[in-house]
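Report on the following structure.
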Amino acid sequence: MSLMLRCPHCGPRTIEEYVYGEIPVVPDSITDPNQRDVDFAFMKANRRGWTTERWFHLFGCRRWLTVERNTVTNQVRQPTSSS
Amino acid sequence: MNEFMEAQVRLSWQEARDSYDVVIIGGGGHGLATAYYLATRYGITNVAVVERGYIGSGNSGRNTTVIRANYGLPESVAFYQRSLELYRGLEAETDRWLMHNEMGLFWMTHTETGVRQEKMRAKLNTAMGAITDFVTPEEIHAMCPEIDLEGGGRYPVLGASYHPQGATARHDRVVWALAEGAMRHGVAVLQHRTVTGITMVGDRVTGVQTDHGPIGAGVIVSCVAGQSTLIADMVGLRLPIRSHPLQAFVTNHYQRTFNHIVASVDLATYVSQTARGEMLIGAEIDRQPSYSYQSSFDFLQSTAAKASMFLPFLKDLRILRQWGGVCDMSPDSSPVMGTTGIDGFYISTGWGTWGFKAIPAGGESMAELVATGETPDLIKPFRLSRFADDRVLADAGSSGTQQ
Ligand SMILES: Cc1cc2nc3c(=O)[nH]c(=O)nc-3n(C[C@H](O)[C@H](O)[C@H](O)COP(=O)(O)OP(=O)(O)OC[C@H]3O[C@@H](n4cnc5c(N)ncnc54)[C@H](O)[C@@H]3O)c2cc1C
Ligand SMILES: [Zn+2]
């Protein structure tokens, strides 16, 4: 089964309808402002396990939703909010 | 690996010692090639390759084995062409049959913009030493009549860049030949041993922790593809890498010889025939970043539909097997190789969906770096610090996948 995300506006839809949006978090340990910019632009947490991420419903209502997902099992917790 | 193959390639396993001059994490193609060239080119043999599963159990044993150098940037073409040439000599060098088969590759496009792009690619590749010609639909038909130039009525073939040296090789044989060559010189390959931590004194690495005890190391080279972030986390290093699954499948036996690699750039789908006669088909990465090896029905459905648009004979075949790997995608679709700013800690990653072809040149370059302490000119453009230096090497159009 392909991954399903439940859009609060359109209902459950396959991942193919969505575009991934990352929530970049620059670690506090990086203090140099230039280095923080580089980290923000390019570096990834790439977490193994539960993450919070944004998905854009491109082939649907074209709104963003927030999803919690486990990157090992692909288990999804219901969207916690929409905006 | 089965007993038969083990007898054939005469792998000699060793017990782990307390420490090595060089510890390579990951027994895939890149880790083993680095060990192989360290031993054969530089006589550096106090080396261990630490592998959590069996050698080749990662992407090096899961890929669609396309070897080509038709990239989009001068730096990339030069690097991949070096690798293509090393592959051409690898059977003679290792004295092993790797089923290396130069069948030629069609890199087809279905749009006017794509035609301009592929004409440009042909010029750039040729200038950099990677033979590539732009071919018209008529020329494509003459060479490969199986291709439907109408593209199923939806994706007409408007032309292709043709890369005659495009090849495939048997992936596990490549892995075993490199492992055997390294082991024959005394390199230790330690299977079923997972690196769980890295020890440091000040800014310098001193060894790895594993699930079977610690191993001291003068130098550590991380070659773990989709797991690279987890190793980098152990030394507090940030990487521009995101892990995405990539799937592939084979059909049952096609009872004819199909001696071409056919790829559609716009559909991000590619097809070749294995030595067993199966049709081997690959496409884009999964959308979600993930460490999961699970494959999906949707992939089969969408990829089968796309591939049979330009090769309609595929509709008469059945799907036999499907699998996936976890790919280390870089933001610019170029590899990330070399020093890291941490003393004694080197990385080879960003191999994404394109790193099988790069195994010989990647290993050769990393071996030179470890042996001499100098980054070879060939891989300087691919350094991790390029992101901070504003020297990103964007080449998504050559990667065969979309991000
Ligand atoms: C379906 C698919 C199709 C592809 N098609 C092509 C293609 O046609 N052409 C091409 O050029 N490339 C292709 N690729 C990409 C290519 O397979 C990879 O880029 C390449 O094999 C990477 O080699 P590697 O040695 O870096 O990684 P791997 O072969 O993945 O080796 C990494 C090894 O590290 C081990 N490891 C991980 N973590 C640890 C740890 N903590 N401790 C110890 N060991 C660890 C793993 O078990 C693994 O064996 C494809 C990939 C996939 C998945
Ligand atoms: Zn929606």
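Identifiers in the structure tokens: chain A, B, ... in order shown; residue index from 1 per chain; ligand index from 1 in order shown.
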Contacts with ligand 1 at most 7 Å, only C-alpha atoms and all ligand atoms counted, listed as a PyMOL selection string: chain B and resi 25-31+50-67+193-196+223-227+231+245-248+282+323-327+348-349+351-359
Alpha helix (DSSP H) positions in segment 191-324 of chain B, given as a PyMOL selection string: chain B and resi 228-234+297-310
Within 6 Å of chain B: residues of chain A, using only C-alpha atoms, as a ChimeraX atom specification: /A:1-2,38,42-44,46,71-72
Residues within 10 Å of ligand 2, counting only C-alpha atoms and all ligand atoms, as a PyMOL selection string: chain A and resi 5-13+17-18+55-65+82
Output C-alpha atoms for every residue in the selection just made, as a PDB file, in the first residue's frame.
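Wrote out24.pdb, looks like this:
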ATOM      1  CA  LEU A   5      -2.375  11.089   4.305  1.00  0.00           C
ATOM      2  CA  ARG A   6      -5.720  12.363   5.477  1.00  0.00           C
ATOM      3  CA  CYS A   7      -6.286  15.895   4.250  1.00  0.00           C
ATOM      4  CA  PRO A   8      -8.698  17.740   6.564  1.00  0.00           C
ATOM      5  CA  HIS A   9     -10.406  19.236   3.502  1.00  0.00           C
ATOM      6  CA  CYS A  10     -10.335  16.426   0.954  1.00  0.00           C
ATOM      7  CA  GLY A  11     -10.136  13.241   3.020  1.00  0.00           C
ATOM      8  CA  PRO A  12      -7.644  10.400   2.717  1.00  0.00           C
ATOM      9  CA  ARG A  13      -5.444  10.657  -0.394  1.00  0.00           C
ATOM     10  CA  GLU A  17      -1.035  13.882  -4.467  1.00  0.00           C
ATOM     11  CA  TYR A  18       1.198  15.678  -1.983  1.00  0.00           C
ATOM     12  CA  TRP A  55       2.809  18.254   3.222  1.00  0.00           C
ATOM     13  CA  PHE A  56       1.285  20.421   0.497  1.00  0.00           C
ATOM     14  CA  HIS A  57      -1.838  18.981  -1.108  1.00  0.00           C
ATOM     15  CA  LEU A  58      -0.806  19.942  -4.644  1.00  0.00           C
ATOM     16  CA  PHE A  59      -3.319  17.800  -6.552  1.00  0.00           C
ATOM     17  CA  GLY A  60      -6.159  18.667  -4.209  1.00  0.00           C
ATOM     18  CA  CYS A  61      -7.080  21.708  -2.171  1.00  0.00           C
ATOM     19  CA  ARG A  62      -3.559  23.205  -2.411  1.00  0.00           C
ATOM     20  CA  ARG A  63      -3.319  23.713   1.323  1.00  0.00           C
ATOM     21  CA  TRP A  64      -0.611  22.692   3.775  1.00  0.00           C
ATOM     22  CA  LEU A  65      -1.080  20.144   6.515  1.00  0.00           C
ATOM     23  CA  SER A  82      -4.199  22.671   9.026  1.00  0.00           C
TER      24      SER A  82
END
d(atom CA of Trp176 of chain B, atom CA of Glu102 of chain B) in Å: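 Computed distance, atom CA of Trp176 of chain B to atom CA of Glu102 of chain B, equals 20.5 Å.
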Shell around Thr126 of chain B at 10 Å using only C-alpha atoms, local window under 5 positions removed, as a PyMOL selection string: chain B and resi 70+77+120-121+131-133+163
Would you write out those residues with N, CA, C and O atoms, as a tab-separated table (two decimals), in the first residue's frame?
chain	number	residue	atom	x	y	z
B	70	ASN	N	27.00	10.22	-18.84
B	70	ASN	CA	26.33	11.33	-19.55
B	70	ASN	C	25.68	12.30	-18.57
B	70	ASN	O	24.47	12.43	-18.51
B	77	VAL	N	30.87	14.95	-15.39
B	77	VAL	CA	31.19	14.11	-16.54
B	77	VAL	C	32.61	13.56	-16.38
B	77	VAL	O	32.86	12.37	-16.59
B	120	MET	N	22.56	19.75	-26.01
B	120	MET	CA	23.59	20.39	-25.20
B	120	MET	C	24.39	19.34	-24.43
B	120	MET	O	25.61	19.40	-24.34
B	121	ARG	N	23.67	18.34	-23.89
B	121	ARG	CA	24.34	17.26	-23.15
B	121	ARG	C	25.35	16.54	-24.06
B	121	ARG	O	26.47	16.26	-23.65
B	131	ILE	N	31.64	9.86	-24.74
B	131	ILE	CA	31.06	9.85	-26.08
B	131	ILE	C	29.53	9.88	-25.99
B	131	ILE	O	28.91	9.01	-25.38
B	132	THR	N	28.92	10.89	-26.61
B	132	THR	CA	27.45	11.03	-26.62
B	132	THR	C	27.04	11.73	-27.91
B	132	THR	O	27.64	12.73	-28.28
B	133	ASP	N	26.03	11.19	-28.60
B	133	ASP	CA	25.52	11.81	-29.82
B	133	ASP	C	24.04	12.08	-29.66
B	133	ASP	O	23.33	11.29	-29.06
B	163	HIS	N	24.44	7.21	-25.77
B	163	HIS	CA	25.72	7.08	-25.05
B	163	HIS	C	26.20	5.64	-25.27
B	163	HIS	O	25.79	4.74	-24.52
Point-to-point distance from atom CA of Tyr37 of chain B to atom CA of Val370 of chain B, Å rounded to tenths: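 Atom-to-atom, atom CA of Tyr37 of chain B to atom CA of Val370 of chain B, that is 10.5 Å.
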Atom pair atom CA of Lys306 of chain B / atom CA of Asp148 of chain B: separation (Å):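 We find that atom CA of Lys306 of chain B and atom CA of Asp148 of chain B lie 12.1 Å from each other.
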Filtered DSSP result for chain A, state strand (DSSP E), as a ChimeraX atom specification: /A:4-7,11-14,19-21,50-56,64-70,76-82
Who sits within 10 Å of Ile220 of chain B, only C-alpha atoms, same chain under 2 positions skipped, as a list in words: Tyr20, Asp21, Val22, Val23, Ile24, Ile25, Val47, Ala48, Val49, Ile198, Val205, Thr206, Gly207, Val208, Gly216, Ala217, Gly218, Ser222, Cys223, Asp343, Gly344, Phe345, Tyr346, Ile347 and Val370 of chain B
Long-range neighbours of Ala160 of chain B as an MDAnalysis selection string, 7 Å cut-off, only C-alpha atoms, 4 positions minimum in chain: chainID B and resid 106:109 118 134:136
Please dump the current selection as a tab-separated table (two decimals), in the first residue's frame; keep C-alpha atoms.
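Heads up, here's the output in selection.tsv:
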chain	number	residue	atom	x	y	z
B	106	PHE	CA	19.20	5.98	-25.06
B	107	TRP	CA	18.40	9.03	-22.90
B	108	MET	CA	15.11	9.98	-24.55
B	109	THR	CA	13.10	13.13	-24.35
B	118	GLU	CA	19.94	16.64	-24.87
B	134	PHE	CA	22.14	13.37	-30.33
B	135	VAL	CA	19.97	10.95	-32.32
B	136	THR	CA	16.69	11.66	-34.14
